[in-house]
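Engineer: Starting off with a structure, shown below.
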Amino acid sequence: MLSLDFIHNNKKKVQDAAKNKNREIDLESILKFDDERKDAIHKIQKLREERNSGGNQKPDEAAIAKGKTIKEELKKLEAKLLETETKLKQLLLQVPNVPLDQVPVGKDEKDNKQERTWGKVPKFSFTPKTHIELGESLDLLDTVRGSKVSGYRGYFLKNELAQLHIAVLMFAYQKLIKASFTPLIAPALVKSFALEGTAQFPWGKGEVYQTNDKDTFLSGTSEVPVTAFHSGEILNEKDLPKKYVALSPCYRKEAGSYGKDTKGLYRVHEFWKIEQVVISKNDPEEGMKIHNELLKNAEEILQELELPYEVMLMCTGDMGEPQQIKEDINTWMPSRNSYSETMSNSLMGDFQARRLDLKYRTKDNKTQFCYTLNNTCIASPRILIALLENHQQEDGSVKIPKALHAFTGFTEIKKK
């Protein structure tokens, strides 16, 4: 959430940011309700002072009558203030974050900017198989029974692929623990305030599964519970940044992708993720430093997995509402003949912290809203597509990258 002072002082910038992120906002109503809010607060304060000033006098009929009048006026003004603040908050929740100056203005993914690539795209001397074909030939994957049991986009991972799935998650998890990230197992069940606070709501509500409890949902990323972990708290500056690495199951409806990637493991309803989440002090320079650190961690993981990738700077129309800056890492997938998204790296500034009331106390005893950052360090089974397809051999087997040997217990997957 943007501060009202920032909105008042940067009206054009806020309006342009919403337009460039393909979102409509009602800036006039926001400013009008804020003026009404300030006016109501001023009147309530004056009435309370007037009421309190007469509290030390011996009441007579006139004072009692006046007190009743003030009480009624306060009741009406407080009700009006609550109504105004509720309307104002709902409008503020619709306002996206303002991108940093280096973010390219664009409509969609076609306007994203490639920053760099790493690794060589494999050139096979044979006709390579898709991950679905490899999964079937090596008895690793069953989407037919997966759909029967789980429904559309359901799947079973079998044999070595089930082990590889756990191995790649643990590899990333252990790497970040060694980098001094605090390990968490995050809940997938979250309340609406956490989704609203991380700005998954209102914009992404159509992608979220709701349980029978009207205020409990299945999260699509551990960014949600972990960012909300310290909500409503005031942290100490000396304890920042707080760096977390979280393992969690994730659930998404994929409602906006009907008809896309209907086969295989690329776009599924349930998956697992290792997420980097950082809460830092309110400092743009430090924020960018940590942002680059998280990106570096994710790149190192792909390098150790021996997977070619590209880093893309996302344009305004493709970056999402809460981000100030976002970079995606797209890993090469031979069957798609393209780099495809496997990681995202985002700096939010204090946008989420304001929504979650997440603050810290500075050295000079002042309070400020924190910065929040997150990075999808690894997501499986999507990453399994790249591992199977890039490391397949002419005889139909799949080599396992050396970095995973200690986690898999095997070095290749061969036909049974």
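To be explicit about the labels: the chains of the structure tokens are called A, B, and onward in the order shown, and within each one the residues are counted from 1, while ligands get numbers from 1 in the order they are shown.
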Just the residues within 6 Å of Tyr371 in chain A, please, counting only C-alpha atoms, with nothing from its chain fewer than 4 positions along; format it as a list in words.
Structural biologist: Ile279, Ser280, Lys281, Asn282, Gly349 and Asp350 of chain A
Engineer: Near range 152-154 of chain A, counting only C-alpha atoms, which residues have an atom at most 7 Å away, once you skip same-chain residues fewer than 2 positions from it, shown as a list in words?
Structural biologist: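 Within the cut-off, the hits are Thr143, Gly146, Ser147, Ser150, Thr262, Val268 and His269 of chain A.
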Engineer: Kindly indicate which residue among A:Asn337, A:Ser222, A:Gln368, A:Gln45 lies nearest to Lys123 in chain A, using only C-alpha atoms for the distances.
Structural biologist: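 For Lys123 in chain A, the nearest of the given residues is A:Asn337.
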Engineer: Give me the residues near Pro202 in chain A as a tab-separated table (two decimals) with N, CA and C atoms, in the first residue's frame, where near means some atom within 9 Å (using only C-alpha atoms) and where sequence neighbours in that chain fewer than 5 positions away do not count.
Structural biologist:
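New file out_35.tsv:
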chain	number	residue	atom	x	y	z
A	93	LEU	N	-6.31	-0.24	-1.47
A	93	LEU	CA	-5.88	-1.61	-1.75
A	93	LEU	C	-5.85	-1.90	-3.25
A	94	GLN	N	-6.50	-1.05	-4.04
A	94	GLN	CA	-6.53	-1.23	-5.48
A	94	GLN	C	-5.38	-0.52	-6.19
A	195	LEU	N	-3.06	-12.67	2.67
A	195	LEU	CA	-3.17	-12.54	1.22
A	195	LEU	C	-3.37	-11.09	0.81
A	196	GLU	N	-4.17	-10.38	1.59
A	196	GLU	CA	-4.38	-8.96	1.32
A	196	GLU	C	-3.10	-8.18	1.62
Engineer: How many Å lie between CA of Thr367 in chain A and CA of Gly287 in chain A, rounded to one decimal?
Structural biologist: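 Result for CA of Thr367 in chain A versus CA of Gly287 in chain A: 17.6 Å, one decimal.
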Engineer: Which of range 114-238 of chain A counts as strand (DSSP E) under DSSP, as a list of chain:residue names please?
Structural biologist: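 These are the residues in question: A:Gln114, A:Glu115, A:Arg116, A:Thr117, A:Trp118, A:Leu141, A:Asp142, A:Phe156, A:Leu157, A:Thr182, A:Pro183, A:Leu184, A:Ile185, A:Leu189, A:Val190, A:Lys191, A:Tyr209, A:Gln210, A:Thr216, A:Phe217, A:Leu218, A:Ile234, A:Leu235, A:Asn236.
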Engineer: Considering only C-alpha atoms, can you say which of A:Ile329, A:Leu235, A:Met348, A:Val98 comes closest to Arg23 in chain A?
Structural biologist: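 Distance minimum relative to Arg23 in chain A lands on A:Val98.
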Engineer: Would you mind listing what lies within 6 Å of range 381-389 of chain A as an MDAnalysis selection string, with only C-alpha atoms counted and same-chain residues fewer than 2 positions away left out?
Structural biologist: chainID A and resid 131 265:266 333 391:392
Engineer: Can I get the selection written as a PDB file, in the first residue's frame, with C-alpha atoms?
Structural biologist:
ATOM      1  CA  HIS A 131       9.690 -34.686 -20.334  1.00  0.00           C
ATOM      2  CA  LEU A 265       4.313 -30.639 -15.461  1.00  0.00           C
ATOM      3  CA  TYR A 266       4.725 -27.028 -16.510  1.00  0.00           C
ATOM      4  CA  MET A 333      13.335 -26.279 -21.897  1.00  0.00           C
ATOM      5  CA  HIS A 391      20.274 -33.918 -19.306  1.00  0.00           C
ATOM      6  CA  GLN A 392      18.773 -36.692 -21.457  1.00  0.00           C
TER       7      GLN A 392
END
Engineer: Apply DSSP to the structure's backbone, then extract all residues of range 118-151 of chain A labelled alpha helix (DSSP H) and return them as a PyMOL selection string.
Structural biologist: chain A and resi 131-137+143-150
Engineer: Pick out the closest residue to Asn345 in chain A from this set: A:Asp111, A:Glu327, A:Asp16, A:Glu136. Count only C-alpha atoms.
Structural biologist: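 For Asn345 in chain A, the nearest of the candidates is A:Glu327.
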Engineer: Could you give me, as a PyMOL selection string, the residues within 9 Å of range 24-28 of chain A, counting only C-alpha atoms and dropping anything in the same chain fewer than 4 positions from it?
Structural biologist: chain A and resi 7+11+14-15+18-19+32-33+91-92+94-96
Engineer: Enter the distance from CA of Tyr244 in chain A to CA of Gly220 in chain A, in Å, rounded to one decimal.
Structural biologist: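 Interatomic distance here is 17.4 Å.
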Engineer: Identify, on the basis of only C-alpha atoms, every residue whose closest approach to Lys71 in chain A does not exceed 12 Å; exclude the query and any residue fewer than 2 positions from it along the same chain; express the result as a VMD selection string.
Structural biologist: chain A and resid 44 47 to 48 50 to 52 64 to 69 73 to 78
Engineer: For Ala172 in chain A, please output as a count of residues only all residues within 10 Å (counting only C-alpha atoms; exclusion window: fewer than 2 positions along the same chain).
Structural biologist: 22
Engineer: Which is closest to Cys370 in chain A among A:Met288, A:Thr227, A:Gln200, A:Glu72, if we use only C-alpha atoms?
Structural biologist: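 Smallest distance to Cys370 in chain A is found for A:Thr227.
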Engineer: Of the residues A:Lys402, A:His291, A:Lys110, A:Lys263, which is the one nearest to Glu306 in chain A, using only C-alpha atoms?
Structural biologist: A:Lys402
Engineer: Which residue out of A:Met1, A:Gly204, A:Leu305, A:Asp35 has the minimum interatomic distance to Leu164 in chain A when only C-alpha atoms are used?
Structural biologist: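 Closest candidate: A:Leu305.
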Engineer: If you measure from CA of Ala40 in chain A to CA of Leu358 in chain A, what distance in Å do you get, rounded to one decimal?
Structural biologist: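 These atoms are spaced 26.7 Å apart.
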